[in-house]
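**Q** The structure is given below, and queries will be raised subsequently.
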Amino acid sequence: MSTDHLNIEFKLHPVPNRLLSRNTPPHVNSIEQYKKLYKESIKNPTEFWGKLANELLTWHTPFKTVLSGGFEYGDVTWFREGQLNASYNCLDRHAIINPDKVAIIYEADEPDEGRKITYRELLHDVCRFANVLKAHGVRKGDIVTIYMPMVPEAAIALLACARLGAVHSVVFAGFSSDSLRNRILDASSKFIITANEGHRGGKTIHIKKIIDEALTECPGVKRVFVFRRTDSSVPFSSPRDVWWHDEIEKQRPYCPPEIVNAEDPLFMIYTSGSTGKPKGVLHATGGYLLSVVANLKYVFDYHEDDIFGCMTDIGWAVGHNFIVYGPLTNGGTAILFESTPVYPTPSRYWEVVAKHKITQFFTAPTAIRLLRKFGREYVDSHDLSSLRVIISAGEPINPDVWEWYNEVVGRNVCSVIDNYWQTETGSIILAPFPGVTATKPGSVTFPFFGIDIAILDPETGEEIKTTEAEGILAIRQPWPSIARTIYNDHNRYLDTYLKPYKGYYFTSDGVGRDRDGYYWIRGRVDDVINVSGHRLSTSEIESALIMHPATAEAAAIGVMNESKGQCVHAFVNLQSNYYSTKIEDLVLQVRKSIGPFAAPEKIYIVDDLPKTRSGKIMRRILKKITDGQTNSIGDLSTLANPEIVDILIEKVKHS
Ligand code: ATP
Ligand code: MG
């Protein structure tokens with residue numbers, strides 16, 4: 001499983017001009033400086049993070065101990081005597097100095113309906129709503145479930161919880177009532193924040209209806225705060241339900257922040273559920289906030305006048321970090337985008353970039369693949385000259401898709417930042433630095449500060465110390481934003497992350513390190529395909545398939561085979577103008593790019609692939625279908641397009 005399998009010319013992309021020719025140089029201004037700082041962060045994490053924590057955060061009570069505890073017992077703590085408040089760090093300290101600076105640009109579903117919110121206004125709104133929550137009994141440590149459309153009140157809800165030291169648990173408002181109910185029950189939430197309805201892609205989402213269905217079996221829920229996004233009336237169950245707009249009228253626009261310990265939880269969040277039952281992980285206030293503020297500054301080269309456009313939903317870890325906590329802790333301006341990449345047309349993203357002069361643009365590979373399928377003409381006519389950094393995360397980005405993003409969106413003058421991390425890591429693990437790191441398409445390049453990477457042999461668990469290496473991605477020492485536990489299930493936390501390889505945090509992803517020390521994420525360890533003794537990663541085969549101009553999206557899986565152990569099957573979704581493409585040509589592409597042993601035994605041409613609600617391909621479902629185990633497909637609650645399952649079962653059965 002090495003990059004040498006691929007006969008792709010891995011062009012080294014030098015640092016683009018737009019970054020180098022600016023008056024404001026990047027925060028880290030050379031690869032040598034990155035290496036020096038990185039070394040310091042690993043050798044002496046206490047000094048490194050202690051200094052940054054004082055520089056980037058405002059503390060109510062200073063900390064004395066930077067790091068204590070470790071992986072053995074899962075008792076990691078950062079800044080343990082320190083006290084602070086996250087909403088104070090996001091709001092007050094900027095509102096005092098710069099009240100009229102725009103904090104949030106709300107880009108509504110309909111392009112002309114958005115608005116801008118300044119730091120003064122946001123602080124007022126958060127305080128008012130925090131006072132509402134308080135008046136209804138929300139106290140420090142209570143878990144509040146948030147199920148909201150992408151309106152500014154969603155960010156206000158998060159920050160109002162943080163103001164009171166309450167723990168928010170945001171559930172993406174695309175989840176069904178069953179999934180929502182499970183998460184409310186798992187978190188024993190007594191309070192829910194929601195809306196009557198939502199708007200997305202010109203469609204209405206009946207949010208309150210889903211809430212009401214979920215709550216039929218949640219007797220513990222005492223209060224539901226309902227924001228009115230549309231004029232439609234919805235069933236209302238008093239005294240449980242209260243209207244946001246009625247309640248805030250009663251409250252003053254200041255609420256003193258509840259000062260919490262650095263280790264008090266700021267929020268819990270469920271993982272995407274790509275591999276099985278989602279886990280509700282808990283993040284600690286001080287360490288989380290520090291990692292995220294540092295990510296924005298260094299990995300995305302955030303500067304004071306930047307407009308940060310992260311197009312995801314607040315319901316995901318990326319949204320927590322890069323719509324709310326990262327930009328606001330830095331005193332920045334964040335875009336809050338309510339719509340989809342294709343509404344009203346596939347030019348929407350680029351209209352938004354041009355309209356608000358976005359400097360950093362962040363989306364997921366699934367959206368880039370979709371827009372690439374629509375064609376570059378939707379991008380070409382827009383003024384994207386404000387962009388400096390274009391970002392992708394969440395899944396491997398195949399080299400060809402990376403090149404498209406770089407050329408068509410970045411116009412070869414922006415830094416492409418493919419960043420790897422997990423809900424559980426809380427912040428970025430591997431990524432290039434803009435203006436610093438020469439990139440290789442498909443590689444997440446180097447570790448972030450304080451991330452001590454180890455590649456482990458999957459069988460022996462021994463560390464592979466050679467530069468060129470293939471194995472399991474593990475991390476040797478704690479970093480500030482590592483999740484502290486799985487809510488109510490610390491043993492599952494230990495079993496999942498800390499026990500599989502003693503002394504390491506286990507990511508469950510495969511990784512390669514090439515001769516230049518660049519890291520390549522191979523996909524989940526469980527998805528590795530073993531053909532006649534060759535270990536192949538899903539992302540390697542998928543990248544080869546995507547090199548064929550006909551392929552829009554591909555998913556590869558291993559299927560039991562008597563002679564080879566496993567053989568490769570692939571599911572391919574074709575570009576619109578290539579429906580007459582022959583399967584042999586796709587197979588040939590893999591033979592050419594990797595080798596005959598990797599050639600898929602079967603390729604199914606499909607219109608769509610099973611995806612999580614955050615847009616990630618769920619290979620485990622494809623595997624169950626090809627293995628004929630359709631009765632035990634497992635947890636489908638995180639699947640965005642459940643109708644695809646039966647279609648694919650039929651397809652596989654009849655081919
Ligand atoms: P679950 O843990 O519930 O199965 P999930 O792993 O998809 O779901 P997330 O925390 O959202 O939940 O995703 C983290 C995973 O996404 C990583 O472990 C990795 O497999 C993948 N990933 C994220 N970013 C990248 C990236 N830039 N390149 C490659 N893979 C990535
Ligand atoms: Mg995961």
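Identifiers in the structure tokens: chain A, B, ... in order shown; residue index from 1 per chain; ligand index from 1 in order shown.
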Let me have all residues with an atom within 9 Å of ligand 1, counting only C-alpha atoms and all ligand atoms, laid out as JSON, numbers by chain.
**A** {"A": [270, 271, 272, 273, 274, 275, 276, 277, 278, 279, 316, 317, 318, 364, 365, 392, 393, 394, 395, 396, 397, 417, 418, 419, 420, 421, 422, 423, 424, 425, 426, 428, 430, 431, 442, 443, 444, 507, 508, 509, 510, 520, 521, 522, 523, 524, 525, 539, 612, 614, 616, 617, 618, 638]}
**Q** I want to know what sits within 10 Å of Pro25 in chain A, based on only C-alpha atoms, with residues of the same chain fewer than 3 positions away left out; could you give that as a list in words?
**A**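 Neighbouring residues, sequence-local ones excluded: Leu19, Leu20, Ser21, Arg22, Val28, Asn29, Asp301, His303 and Gly435 of chain A.
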**Q** Which one is closest to Asp585 in chain A: A:His548, A:His569, A:Lys564, A:Lys51? Count only C-alpha atoms.
**A**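 Ranked by minimum distance to Asp585 in chain A, first place goes to A:His548.
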**Q** Go through A:His654, A:Lys357, A:His168, A:Arg513 and flag the residue nearest Arg183 in chain A, using only C-alpha atoms for the distances.
**A**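 Counting only C-alpha atoms, the residue closest to Arg183 in chain A is A:His168.
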**Q** Could you pull the residues within 8 Å of Val167 in chain A, counting only C-alpha atoms, minus those fewer than 2 positions along the same chain, as an mmCIF file with N, CA and C atoms, in the first residue's frame?
**A**
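The new file result_38.cif reads:
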data_model
loop_
_atom_site.group_PDB
_atom_site.id
_atom_site.type_symbol
_atom_site.label_atom_id
_atom_site.label_comp_id
_atom_site.auth_asym_id
_atom_site.auth_seq_id
_atom_site.Cartn_x
_atom_site.Cartn_y
_atom_site.Cartn_z
ATOM 1 N N LYS A 140 -25.339 25.614 34.694
ATOM 2 C CA LYS A 140 -24.028 25.075 34.340
ATOM 3 C C LYS A 140 -24.052 23.536 34.362
ATOM 4 N N GLY A 141 -23.536 22.921 33.310
ATOM 5 C CA GLY A 141 -23.444 21.465 33.264
ATOM 6 C C GLY A 141 -24.650 20.787 32.630
ATOM 7 N N ASP A 142 -25.775 21.495 32.498
ATOM 8 C CA ASP A 142 -26.945 20.890 31.830
ATOM 9 C C ASP A 142 -26.634 20.668 30.350
ATOM 10 N N ILE A 143 -27.135 19.568 29.795
ATOM 11 C CA ILE A 143 -26.928 19.338 28.362
ATOM 12 C C ILE A 143 -28.151 19.827 27.587
ATOM 13 N N VAL A 144 -27.911 20.735 26.664
ATOM 14 C CA VAL A 144 -28.985 21.338 25.876
ATOM 15 C C VAL A 144 -28.854 20.840 24.443
ATOM 16 N N CYS A 161 -25.474 28.899 25.403
ATOM 17 C CA CYS A 161 -25.166 27.771 26.290
ATOM 18 C C CYS A 161 -23.781 27.980 26.900
ATOM 19 N N ALA A 162 -22.825 28.309 26.043
ATOM 20 C CA ALA A 162 -21.451 28.508 26.530
ATOM 21 C C ALA A 162 -21.404 29.612 27.587
ATOM 22 N N GLY A 165 -22.232 28.123 30.799
ATOM 23 C CA GLY A 165 -21.520 26.903 31.176
ATOM 24 C C GLY A 165 -22.364 25.656 30.942
ATOM 25 N N SER A 169 -25.331 20.154 22.727
ATOM 26 C CA SER A 169 -25.217 18.956 21.919
ATOM 27 C C SER A 169 -26.002 19.253 20.648
ATOM 28 N N PRO A 265 -16.788 20.656 30.409
ATOM 29 C CA PRO A 265 -17.110 20.437 28.999
ATOM 30 C C PRO A 265 -17.780 21.665 28.371
ATOM 31 N N LEU A 266 -17.346 21.983 27.139
ATOM 32 C CA LEU A 266 -17.998 23.056 26.385
ATOM 33 C C LEU A 266 -19.164 22.471 25.589
ATOM 34 N N PHE A 267 -18.933 21.299 25.012
ATOM 35 C CA PHE A 267 -20.016 20.678 24.249
ATOM 36 C C PHE A 267 -19.795 19.190 24.087
ATOM 37 N N MET A 268 -20.866 18.505 23.697
ATOM 38 C CA MET A 268 -20.721 17.151 23.205
ATOM 39 C C MET A 268 -21.207 17.128 21.770
#
**Q** If you count only C-alpha atoms, which residues fall within 9 Å of range 154-160 of chain A, apart from same-chain ones fewer than 4 positions away, as a VMD selection string?
**A** chain A and resid 86 to 87 90 to 91 122 to 123 125 to 131 133 146 to 150 164 to 170 193 to 194 267 314 320 323 to 325 336
**Q** Go ahead and dump the residues you just picked, N, CA, C and O atoms, as a CSV table (one decimal), in the first residue's frame.
**A**
chain,number,residue,atom,x,y,z
A,86,ALA,N,-16.0,30.6,27.3
A,86,ALA,CA,-15.8,30.5,25.9
A,86,ALA,C,-16.5,31.7,25.2
A,86,ALA,O,-16.0,32.3,24.2
A,87,SER,N,-17.7,32.0,25.6
A,87,SER,CA,-18.5,33.1,24.9
A,87,SER,C,-17.8,34.4,25.2
A,87,SER,O,-17.8,35.3,24.4
A,90,CYS,N,-15.2,34.6,22.7
A,90,CYS,CA,-15.7,34.8,21.3
A,90,CYS,C,-16.3,36.2,21.1
A,90,CYS,O,-16.4,36.6,20.0
A,91,LEU,N,-16.8,36.8,22.2
A,91,LEU,CA,-17.6,38.0,22.0
A,91,LEU,C,-17.1,39.2,22.8
A,91,LEU,O,-16.7,40.2,22.1
A,122,LEU,N,-24.2,40.8,18.3
A,122,LEU,CA,-24.2,39.3,18.6
A,122,LEU,C,-24.1,39.1,20.1
A,122,LEU,O,-24.7,38.3,20.7
A,123,LEU,N,-23.3,40.0,20.8
A,123,LEU,CA,-23.1,39.9,22.2
A,123,LEU,C,-24.5,40.1,22.9
A,123,LEU,O,-24.9,39.4,23.8
A,125,ASP,N,-27.5,39.7,21.5
A,125,ASP,CA,-28.4,38.6,21.2
A,125,ASP,C,-28.1,37.4,22.0
A,125,ASP,O,-29.0,36.7,22.5
A,126,VAL,N,-26.8,37.1,22.2
A,126,VAL,CA,-26.4,35.9,23.0
A,126,VAL,C,-26.8,36.1,24.4
A,126,VAL,O,-27.3,35.2,25.1
A,127,CYS,N,-26.5,37.3,25.0
A,127,CYS,CA,-26.8,37.6,26.4
A,127,CYS,C,-28.3,37.5,26.6
A,127,CYS,O,-28.8,36.9,27.6
A,128,ARG,N,-29.1,38.1,25.7
A,128,ARG,CA,-30.6,38.0,25.9
A,128,ARG,C,-31.0,36.5,25.9
A,128,ARG,O,-31.8,36.1,26.8
A,129,PHE,N,-30.5,35.8,25.0
A,129,PHE,CA,-31.0,34.4,24.9
A,129,PHE,C,-30.5,33.6,26.1
A,129,PHE,O,-31.1,32.7,26.6
A,130,ALA,N,-29.3,33.9,26.5
A,130,ALA,CA,-28.7,33.2,27.7
A,130,ALA,C,-29.6,33.5,28.9
A,130,ALA,O,-29.9,32.6,29.7
A,131,ASN,N,-30.1,34.7,29.0
A,131,ASN,CA,-31.0,35.1,30.1
A,131,ASN,C,-32.3,34.3,30.0
A,131,ASN,O,-32.9,33.9,31.1
A,133,LEU,N,-32.6,31.3,28.7
A,133,LEU,CA,-32.3,29.9,29.1
A,133,LEU,C,-32.3,29.8,30.7
A,133,LEU,O,-32.8,28.9,31.3
A,146,ILE,N,-29.5,21.1,20.6
A,146,ILE,CA,-29.8,22.1,19.6
A,146,ILE,C,-30.1,21.4,18.2
A,146,ILE,O,-29.3,20.7,17.7
A,147,TYR,N,-31.3,21.7,17.7
A,147,TYR,CA,-31.7,21.1,16.4
A,147,TYR,C,-32.2,22.3,15.6
A,147,TYR,O,-33.4,22.6,15.7
A,148,MET,N,-31.3,22.9,14.9
A,148,MET,CA,-31.7,24.2,14.3
A,148,MET,C,-31.3,24.3,12.8
A,148,MET,O,-30.3,23.6,12.4
A,149,PRO,N,-32.0,25.0,12.0
A,149,PRO,CA,-31.6,25.3,10.6
A,149,PRO,C,-30.4,26.3,10.7
A,149,PRO,O,-30.1,26.8,11.8
A,150,MET,N,-29.8,26.5,9.5
A,150,MET,CA,-28.6,27.4,9.5
A,150,MET,C,-29.0,28.9,9.5
A,150,MET,O,-28.9,29.6,8.5
A,164,LEU,N,-23.5,30.3,29.8
A,164,LEU,CA,-24.0,29.8,31.1
A,164,LEU,C,-23.2,28.6,31.6
A,164,LEU,O,-23.5,28.0,32.6
A,165,GLY,N,-22.2,28.1,30.8
A,165,GLY,CA,-21.5,26.9,31.2
A,165,GLY,C,-22.4,25.7,30.9
A,165,GLY,O,-22.0,24.6,31.4
A,166,ALA,N,-23.5,25.8,30.2
A,166,ALA,CA,-24.3,24.6,29.8
A,166,ALA,C,-23.6,24.0,28.6
A,166,ALA,O,-22.9,24.6,27.9
A,167,VAL,N,-23.8,22.7,28.5
A,167,VAL,CA,-23.1,21.9,27.5
A,167,VAL,C,-24.0,21.7,26.3
A,167,VAL,O,-25.1,21.1,26.4
A,168,HIS,N,-23.6,22.2,25.1
A,168,HIS,CA,-24.6,22.0,24.0
A,168,HIS,C,-24.3,20.7,23.3
A,168,HIS,O,-23.1,20.3,23.2
A,169,SER,N,-25.3,20.2,22.7
A,169,SER,CA,-25.2,19.0,21.9
A,169,SER,C,-26.0,19.3,20.6
A,169,SER,O,-27.2,19.2,20.6
A,170,VAL,N,-25.3,19.6,19.6
A,170,VAL,CA,-26.0,20.0,18.4
A,170,VAL,C,-26.2,18.8,17.5
A,170,VAL,O,-25.3,18.0,17.3
A,193,ILE,N,-33.4,23.4,21.9
A,193,ILE,CA,-33.5,24.7,21.1
A,193,ILE,C,-33.8,24.3,19.7
A,193,ILE,O,-33.0,23.5,19.1
A,194,THR,N,-34.8,24.9,19.1
A,194,THR,CA,-35.2,24.5,17.7
A,194,THR,C,-35.8,25.6,17.0
A,194,THR,O,-35.8,26.8,17.4
A,267,PHE,N,-18.9,21.3,25.0
A,267,PHE,CA,-20.0,20.7,24.2
A,267,PHE,C,-19.8,19.2,24.1
A,267,PHE,O,-18.7,18.7,24.3
A,314,ILE,N,-23.6,23.9,11.0
A,314,ILE,CA,-23.1,24.0,12.4
A,314,ILE,C,-23.3,22.7,13.1
A,314,ILE,O,-22.6,22.4,14.1
A,320,HIS,N,-18.8,23.6,14.1
A,320,HIS,CA,-18.5,24.1,15.4
A,320,HIS,C,-17.2,24.9,15.3
A,320,HIS,O,-17.1,26.0,15.9
A,323,ILE,N,-17.2,27.8,11.8
A,323,ILE,CA,-18.2,28.8,11.6
A,323,ILE,C,-18.3,29.6,12.9
A,323,ILE,O,-18.4,30.8,12.9
A,324,VAL,N,-18.3,28.9,14.1
A,324,VAL,CA,-18.5,29.6,15.3
A,324,VAL,C,-17.2,29.8,16.1
A,324,VAL,O,-16.6,30.9,16.1
A,325,TYR,N,-16.6,28.8,16.7
A,325,TYR,CA,-15.6,29.0,17.7
A,325,TYR,C,-14.3,29.5,17.2
A,325,TYR,O,-13.6,30.4,17.7
A,336,LEU,N,-22.2,32.4,7.5
A,336,LEU,CA,-23.1,31.4,7.9
A,336,LEU,C,-24.1,31.1,6.8
A,336,LEU,O,-24.9,32.0,6.4
**Q** So, counting only C-alpha atoms, which residue among A:Thr437, A:Lys11, A:His136, A:Asp186 is closest to Val224 in chain A?
**A**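 Of the candidates, the smallest distance to Val224 in chain A is held by A:His136.
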**Q** If you count only C-alpha atoms, which residues fall within 9 Å of Pro111 in chain A, apart from same-chain ones fewer than 4 positions away, as a ChimeraX atom specification?
**A** /A:107,339,344,348,352
**Q** Between A:Ala195, A:Val66, A:Leu639, A:Ile621, which is the closest to Phe236 in chain A once you count only C-alpha atoms?
**A**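 Comparing A:Ala195, A:Val66, A:Leu639, A:Ile621 against Phe236 in chain A, the winner is A:Ala195.
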**Q** Using DSSP secondary structure from the backbone, list all alpha helix (DSSP H) positions within range 261-421 of chain A, as a PyMOL selection string.
**A** chain A and resi 285-294+317-319+326-329+348-356+365-374+377-380+399-404
**Q** Between A:Tyr578, A:Tyr302, A:Phe506, A:Trp479, which one has atoms that come closest to Gly70 in chain A, using only C-alpha atoms?
**A** A:Trp479
**Q** Given the choices A:Ser291, A:Thr359, A:Thr329, A:Thr366, which gets closest to Cys414 in chain A if the distance is worked out from only C-alpha atoms?
**A**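 Of A:Ser291, A:Thr359, A:Thr329, A:Thr366, the one nearest Cys414 in chain A, counting only C-alpha atoms, is A:Thr359.
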**Q** Tell me which protein, DNA and RNA residues are within 10 Å of Val234 in chain A, counting only C-alpha atoms, leaving out same-chain ones fewer than 3 positions away, and put them as a list of chain:residue names.
**A**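 Residues meeting the cut-off are A:Ala195, A:Asn196, A:Glu197, A:His206, A:Ile207, A:Lys208, A:Lys209, A:Arg228, A:Asp231, A:Ser237.
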**Q** Store the residues of this selection in a file with C-alpha atoms, as a PDB file, in the first residue's frame.
**A**
ATOM      1  CA  ALA A 195     -37.160  26.341  15.051  1.00  0.00           C
ATOM      2  CA  ASN A 196     -40.636  26.052  13.602  1.00  0.00           C
ATOM      3  CA  GLU A 197     -39.309  25.326  10.126  1.00  0.00           C
ATOM      4  CA  HIS A 206     -40.577  20.774   8.963  1.00  0.00           C
ATOM      5  CA  ILE A 207     -38.310  20.943  11.942  1.00  0.00           C
ATOM      6  CA  LYS A 208     -40.828  21.335  14.740  1.00  0.00           C
ATOM      7  CA  LYS A 209     -42.759  18.365  13.428  1.00  0.00           C
ATOM      8  CA  ARG A 228     -39.679  31.373  14.238  1.00  0.00           C
ATOM      9  CA  ASP A 231     -44.490  32.496   9.082  1.00  0.00           C
ATOM     10  CA  SER A 237     -47.513  22.351  23.325  1.00  0.00           C
TER      11      SER A 237
END
